[in-house]
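Trainee: Here's a structure for you.
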Amino acid sequence: MRVALFVTCVNDMLYPDTGRAVVTLLERLGVEVDFPTGQTCCGQAHYNTGYRRQAEPLVRRYAEVFDGYDHVVTPSGSCASMVRDNFPRIASRAADEGRDGGLAEAAAAAVPKTYELTEFLVDVLGVTDVGAYFPHAVTYHPSCHGLRMLGLGDRPRRLLEAVSGLELRELPGAEECCGFGGTFAVKNPDVSAAMGQDKVDNALSTGAGVLCGADNSCLMHLDGILRRQDAPIRPVHLAEILASTREHPYQAAEKTGKIR
């Protein structure tokens, strides 16, 4: 099995430890992971802002870079859904305009092999207990792309419930959007901030020390609100929790402050 890591722009630039955690986790499970250095943006920012044609070269690039791999794994539901849901849309629209240029073939090659991390673990590897250890109270926020577009369902929760030492606490209003939405947060900052505050208030009500998510873009949005309030809860990506073991625990104090 040849697996490639699609790390995504946000993780590459701001949260590289999440990408490292994915590699650590998958290698611990016996998966050989490559990191194609030619990978670029999936085009989600372009597409969501209305620059569909500018996203087309990125569709072709994605298919080219990840050609030859059995699976492409990404720790981002939003980027996975961009590939799976929007690459075919882009190809179809271009074909309608007489400009296919290989987009249909690129989308057809990319879509079936692209998996969000929890999908790959549960559906492809067939595991929920990954041998993780994380002795903290955790509440989980399911991001919109994973919840509504990918249909991740209870996969992330099943993985968290199997982590040794972890106490999973129910998040009120879990299925409500956190307000980030990529460019939505830029175009509608007041609404975005208000939605984020609601999510933070709900997370704080659980008394958990960790707010877990599978998309660092959402966690970044919430982290900004939490830090301004000096709140006693820290966002941690799901991959970093699953990569943590008794022998090599997640170094929370060094990265985000002490987790209670």
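By order in the structure tokens, chains are A, B, ...; within a chain, residues start at 1; ligands start at 1, following the order shown.
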What's around His71 (chain A) at 7 Å? Count only C-alpha atoms, leave out sequence neighbours fewer than 3 positions away in its own chain, and write the answer as an NGL selection string.

Mentor: :A and (2-4 or 113-114)

Trainee: Keeping only all heavy atoms, write the selected residues as a CSV table (one decimal), in the first residue's frame.

Mentor:
chain,number,residue,atom,x,y,z
A,2,ARG,N,0.7,2.1,-1.0
A,2,ARG,CA,1.5,3.3,-1.1
A,2,ARG,C,0.5,4.5,-0.7
A,2,ARG,O,-0.5,4.7,-1.4
A,2,ARG,CB,2.0,3.6,-2.5
A,2,ARG,CG,3.0,2.5,-3.0
A,2,ARG,CD,3.7,3.0,-4.2
A,2,ARG,NE,4.6,4.2,-4.0
A,2,ARG,CZ,4.8,5.2,-4.8
A,2,ARG,NH1,4.1,5.2,-6.0
A,2,ARG,NH2,5.6,6.2,-4.6
A,3,VAL,N,0.9,5.1,0.4
A,3,VAL,CA,0.0,6.2,0.9
A,3,VAL,C,0.8,7.5,0.9
A,3,VAL,O,2.0,7.6,1.2
A,3,VAL,CB,-0.4,5.9,2.3
A,3,VAL,CG1,-1.1,7.1,2.9
A,3,VAL,CG2,-1.4,4.7,2.3
A,4,ALA,N,0.1,8.6,0.4
A,4,ALA,CA,0.7,9.9,0.4
A,4,ALA,C,0.0,10.8,1.4
A,4,ALA,O,-1.2,10.7,1.6
A,4,ALA,CB,0.7,10.5,-1.0
A,113,LYS,N,-9.3,8.2,-4.4
A,113,LYS,CA,-8.2,7.8,-3.5
A,113,LYS,C,-8.0,8.8,-2.4
A,113,LYS,O,-7.1,8.5,-1.5
A,113,LYS,CB,-6.9,7.7,-4.4
A,113,LYS,CG,-6.5,9.1,-4.9
A,113,LYS,CD,-5.1,9.0,-5.6
A,113,LYS,CE,-5.0,8.2,-6.8
A,113,LYS,NZ,-3.7,8.2,-7.4
A,114,THR,N,-8.7,9.8,-2.3
A,114,THR,CA,-8.5,10.9,-1.3
A,114,THR,C,-9.4,10.6,-0.1
A,114,THR,O,-10.6,10.5,-0.2
A,114,THR,CB,-8.8,12.3,-1.8
A,114,THR,OG1,-8.0,12.5,-3.0
A,114,THR,CG2,-8.7,13.3,-0.8

Trainee: Out of region 41-170 of chain A, which residues get alpha helix (DSSP H) from DSSP, as a compact mmCIF listing (two decimals) with N, CA, C and O atoms, in the first residue's frame?

Mentor:
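Full text of part.txt as output:
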# COMPACT_ATOMS: atom_id res chain seq x y z
N GLN A 44 -9.22 25.34 -2.77
CA GLN A 44 -10.46 25.65 -2.06
C GLN A 44 -10.67 27.15 -1.87
O GLN A 44 -11.78 27.66 -2.07
N ALA A 45 -9.61 27.86 -1.51
CA ALA A 45 -9.74 29.30 -1.29
C ALA A 45 -10.13 30.02 -2.58
O ALA A 45 -10.96 30.94 -2.56
N HIS A 46 -9.56 29.59 -3.69
CA HIS A 46 -9.90 30.18 -4.97
C HIS A 46 -11.37 29.91 -5.31
O HIS A 46 -12.12 30.82 -5.65
N TYR A 47 -11.74 28.64 -5.21
CA TYR A 47 -13.09 28.22 -5.60
C TYR A 47 -14.15 28.89 -4.74
O TYR A 47 -15.16 29.38 -5.25
N ASN A 48 -13.94 28.92 -3.43
CA ASN A 48 -14.93 29.48 -2.53
C ASN A 48 -15.08 30.99 -2.69
O ASN A 48 -16.09 31.57 -2.27
N ARG A 52 -13.17 30.19 -9.93
CA ARG A 52 -13.22 28.79 -10.33
C ARG A 52 -12.16 28.44 -11.37
O ARG A 52 -11.50 27.41 -11.28
N ARG A 53 -12.01 29.28 -12.36
CA ARG A 53 -11.04 28.98 -13.42
C ARG A 53 -9.61 28.96 -12.89
O ARG A 53 -8.78 28.19 -13.36
N GLN A 54 -9.34 29.83 -11.91
CA GLN A 54 -8.00 29.85 -11.33
C GLN A 54 -7.71 28.60 -10.52
O GLN A 54 -6.54 28.28 -10.25
N ALA A 55 -8.77 27.89 -10.10
CA ALA A 55 -8.58 26.65 -9.36
C ALA A 55 -8.29 25.47 -10.28
O ALA A 55 -7.79 24.43 -9.82
N GLU A 56 -8.60 25.60 -11.54
CA GLU A 56 -8.45 24.47 -12.47
C GLU A 56 -7.03 23.92 -12.55
O GLU A 56 -6.83 22.70 -12.52
N PRO A 57 -5.99 24.77 -12.67
CA PRO A 57 -4.64 24.22 -12.71
C PRO A 57 -4.26 23.44 -11.44
O PRO A 57 -3.45 22.53 -11.50
N LEU A 58 -4.88 23.80 -10.31
CA LEU A 58 -4.58 23.12 -9.06
C LEU A 58 -5.22 21.73 -9.02
O LEU A 58 -4.69 20.83 -8.37
N VAL A 59 -6.33 21.56 -9.72
CA VAL A 59 -6.94 20.24 -9.85
C VAL A 59 -5.99 19.32 -10.62
O VAL A 59 -5.72 18.18 -10.21
N ARG A 60 -5.47 19.83 -11.73
CA ARG A 60 -4.53 19.04 -12.52
C ARG A 60 -3.26 18.74 -11.73
O ARG A 60 -2.73 17.64 -11.79
N ARG A 61 -2.80 19.73 -11.01
CA ARG A 61 -1.56 19.56 -10.22
C ARG A 61 -1.73 18.48 -9.16
O ARG A 61 -0.85 17.65 -8.94
N TYR A 62 -2.87 18.50 -8.49
CA TYR A 62 -3.15 17.52 -7.45
C TYR A 62 -3.10 16.11 -8.03
O TYR A 62 -2.46 15.21 -7.47
N ALA A 63 -3.78 15.91 -9.15
CA ALA A 63 -3.81 14.59 -9.77
C ALA A 63 -2.42 14.15 -10.20
O ALA A 63 -2.04 12.98 -10.07
N GLU A 64 -1.64 15.08 -10.69
CA GLU A 64 -0.28 14.76 -11.15
C GLU A 64 0.63 14.39 -9.99
O GLU A 64 1.36 13.38 -10.04
N VAL A 65 0.60 15.18 -8.94
CA VAL A 65 1.50 14.96 -7.80
C VAL A 65 1.20 13.65 -7.10
O VAL A 65 2.11 12.94 -6.65
N GLY A 77 -10.84 17.85 6.85
CA GLY A 77 -12.10 17.53 6.20
C GLY A 77 -12.45 18.53 5.11
O GLY A 77 -13.04 18.17 4.09
N SER A 78 -12.07 19.80 5.30
CA SER A 78 -12.42 20.81 4.31
C SER A 78 -11.67 20.58 3.01
O SER A 78 -12.25 20.69 1.92
N CYS A 79 -10.40 20.25 3.09
CA CYS A 79 -9.63 20.02 1.86
C CYS A 79 -10.01 18.69 1.21
O CYS A 79 -10.05 18.59 -0.01
N ALA A 80 -10.30 17.69 2.03
CA ALA A 80 -10.77 16.42 1.47
C ALA A 80 -12.08 16.61 0.73
O ALA A 80 -12.29 16.05 -0.36
N SER A 81 -12.97 17.41 1.29
CA SER A 81 -14.26 17.64 0.63
C SER A 81 -14.10 18.50 -0.61
O SER A 81 -14.88 18.36 -1.57
N PHE A 87 -13.92 19.04 -7.03
CA PHE A 87 -13.14 18.75 -8.24
C PHE A 87 -14.05 18.29 -9.38
O PHE A 87 -13.92 18.78 -10.51
N PRO A 88 -15.00 17.37 -9.14
CA PRO A 88 -15.91 16.99 -10.24
C PRO A 88 -16.77 18.15 -10.73
O PRO A 88 -17.06 18.24 -11.93
N ARG A 89 -17.17 19.04 -9.84
CA ARG A 89 -17.96 20.21 -10.24
C ARG A 89 -17.15 21.11 -11.16
O ARG A 89 -17.66 21.62 -12.17
N ILE A 90 -15.90 21.34 -10.79
CA ILE A 90 -15.03 22.19 -11.60
C ILE A 90 -14.84 21.59 -12.98
O ILE A 90 -14.91 22.28 -14.00
N ALA A 91 -14.60 20.28 -13.02
CA ALA A 91 -14.40 19.60 -14.31
C ALA A 91 -15.66 19.68 -15.16
O ALA A 91 -15.60 19.91 -16.38
N SER A 92 -16.81 19.48 -14.53
CA SER A 92 -18.08 19.51 -15.27
C SER A 92 -18.36 20.89 -15.85
O SER A 92 -18.77 21.03 -17.01
N ARG A 93 -18.12 21.93 -15.06
CA ARG A 93 -18.36 23.29 -15.55
C ARG A 93 -17.41 23.65 -16.68
O ARG A 93 -17.80 24.28 -17.67
N ALA A 94 -16.16 23.23 -16.55
CA ALA A 94 -15.19 23.51 -17.61
C ALA A 94 -15.58 22.80 -18.90
O ALA A 94 -15.47 23.36 -20.00
N ALA A 95 -16.07 21.56 -18.77
CA ALA A 95 -16.50 20.81 -19.96
C ALA A 95 -17.70 21.50 -20.62
O ALA A 95 -17.78 21.57 -21.86
N ASP A 96 -18.62 22.00 -19.82
CA ASP A 96 -19.78 22.71 -20.36
C ASP A 96 -19.36 23.95 -21.14
O ASP A 96 -20.06 24.37 -22.08
N LEU A 103 -9.39 17.94 -17.20
CA LEU A 103 -9.90 18.08 -15.83
C LEU A 103 -10.75 16.89 -15.40
O LEU A 103 -10.70 16.47 -14.25
N ALA A 104 -11.54 16.35 -16.32
CA ALA A 104 -12.39 15.21 -15.96
C ALA A 104 -11.53 14.02 -15.55
O ALA A 104 -11.83 13.34 -14.57
N GLU A 105 -10.46 13.77 -16.30
CA GLU A 105 -9.56 12.66 -15.96
C GLU A 105 -8.85 12.91 -14.64
O GLU A 105 -8.67 12.00 -13.83
N ALA A 106 -8.45 14.18 -14.41
CA ALA A 106 -7.77 14.52 -13.15
C ALA A 106 -8.69 14.31 -11.96
O ALA A 106 -8.30 13.73 -10.94
N ALA A 107 -9.94 14.77 -12.08
CA ALA A 107 -10.89 14.61 -10.98
C ALA A 107 -11.20 13.13 -10.75
O ALA A 107 -11.27 12.67 -9.61
N ALA A 108 -11.37 12.39 -11.83
CA ALA A 108 -11.68 10.96 -11.71
C ALA A 108 -10.56 10.20 -11.04
O ALA A 108 -10.80 9.23 -10.30
N ALA A 109 -9.32 10.62 -11.23
CA ALA A 109 -8.18 9.97 -10.60
C ALA A 109 -8.04 10.35 -9.13
O ALA A 109 -7.65 9.54 -8.30
N ALA A 110 -8.37 11.61 -8.82
CA ALA A 110 -8.14 12.12 -7.47
C ALA A 110 -9.22 11.73 -6.47
O ALA A 110 -8.93 11.40 -5.32
N LEU A 117 -8.40 11.77 7.34
CA LEU A 117 -7.67 10.85 8.21
C LEU A 117 -8.57 9.83 8.90
O LEU A 117 -8.27 8.63 8.91
N THR A 118 -9.66 10.27 9.53
CA THR A 118 -10.49 9.33 10.28
C THR A 118 -11.17 8.32 9.36
O THR A 118 -11.38 7.17 9.74
N GLU A 119 -11.52 8.74 8.15
CA GLU A 119 -12.07 7.80 7.16
C GLU A 119 -11.06 6.71 6.84
O GLU A 119 -11.40 5.53 6.75
N CYS A 144 -17.90 21.55 9.87
CA CYS A 144 -19.00 21.47 8.91
C CYS A 144 -18.66 20.60 7.70
O CYS A 144 -19.49 19.81 7.24
N ARG A 155 -17.14 8.42 13.18
CA ARG A 155 -15.76 7.91 13.08
C ARG A 155 -14.81 8.61 14.05
O ARG A 155 -14.07 7.94 14.77
N PRO A 156 -14.77 9.96 14.06
CA PRO A 156 -13.86 10.63 15.00
C PRO A 156 -14.16 10.28 16.45
O PRO A 156 -13.24 10.06 17.25
N ARG A 157 -15.43 10.22 16.81
CA ARG A 157 -15.80 9.88 18.19
C ARG A 157 -15.37 8.46 18.55
O ARG A 157 -14.90 8.22 19.67
N ARG A 158 -15.55 7.53 17.65
CA ARG A 158 -15.14 6.15 17.92
C ARG A 158 -13.64 6.06 18.16
O ARG A 158 -13.18 5.30 19.03
N LEU A 159 -12.89 6.83 17.41
CA LEU A 159 -11.44 6.85 17.61
C LEU A 159 -11.07 7.45 18.95
O LEU A 159 -10.19 6.95 19.66
N LEU A 160 -11.74 8.54 19.32
CA LEU A 160 -11.46 9.19 20.60
C LEU A 160 -11.87 8.31 21.77
O LEU A 160 -11.18 8.24 22.79
N GLU A 161 -13.01 7.65 21.63
CA GLU A 161 -13.50 6.79 22.73
C GLU A 161 -12.56 5.63 23.01
O GLU A 161 -12.56 5.08 24.12

Trainee: Select from region 29-252 of chain A everything DSSP, run on the backbone, classes as strand (DSSP E), then give the selection as a ChimeraX atom specification.

Mentor: /A:33-34,71-74,114-116,137-140,167-169,210-213,234-237

Trainee: Within 12 Å of Arg20 (chain A), counting only C-alpha atoms, which residues qualify if same-chain residues fewer than 3 places away don't, as a list in words?

Mentor: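 Near Arg20 (chain A), the qualifying residues are Leu5, Phe6, Val7, Asn11, Asp12, Tyr15, Pro16, Asp17, Val23, Thr24, Leu25, Leu26, Glu27, Val33, Asp34, Phe35, Thr74, Pro75, His237, Ala239, Glu240, Leu242, Ala243, Ser244 and Tyr250 of chain A.
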
Trainee: Name the residues in contact with Leu29 (chain A) at a cut-off of 9 Å, using only C-alpha atoms, excluding same-chain residues fewer than 6 positions from it; report them as a list in words.

Mentor: Leu125, Val130 and Gly131 of chain A

Trainee: Would you mind exporting all heavy atoms of the selected residues as a PDB file, in the first residue's frame?

Mentor:
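Just written: selection_14.pdb:
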ATOM      1  N   LEU A 125      -8.128   1.053   6.980  1.00  0.00           N
ATOM      2  CA  LEU A 125      -7.328   0.212   7.869  1.00  0.00           C
ATOM      3  C   LEU A 125      -8.189  -0.648   8.783  1.00  0.00           C
ATOM      4  O   LEU A 125      -7.717  -1.652   9.330  1.00  0.00           O
ATOM      5  CB  LEU A 125      -6.379   1.074   8.706  1.00  0.00           C
ATOM      6  CG  LEU A 125      -5.318   1.863   7.942  1.00  0.00           C
ATOM      7  CD1 LEU A 125      -4.374   2.550   8.921  1.00  0.00           C
ATOM      8  CD2 LEU A 125      -4.534   0.989   6.980  1.00  0.00           C
ATOM      9  N   VAL A 130      -6.118   2.854  18.090  1.00  0.00           N
ATOM     10  CA  VAL A 130      -4.821   3.033  17.427  1.00  0.00           C
ATOM     11  C   VAL A 130      -3.662   2.984  18.419  1.00  0.00           C
ATOM     12  O   VAL A 130      -2.530   3.329  18.076  1.00  0.00           O
ATOM     13  CB  VAL A 130      -4.792   4.350  16.629  1.00  0.00           C
ATOM     14  CG1 VAL A 130      -5.860   4.342  15.543  1.00  0.00           C
ATOM     15  CG2 VAL A 130      -4.967   5.566  17.558  1.00  0.00           C
ATOM     16  N   GLY A 131      -3.952   2.577  19.654  1.00  0.00           N
ATOM     17  CA  GLY A 131      -2.889   2.468  20.652  1.00  0.00           C
ATOM     18  C   GLY A 131      -2.501   3.790  21.277  1.00  0.00           C
ATOM     19  O   GLY A 131      -1.387   3.939  21.791  1.00  0.00           O
TER      20      GLY A 131
END
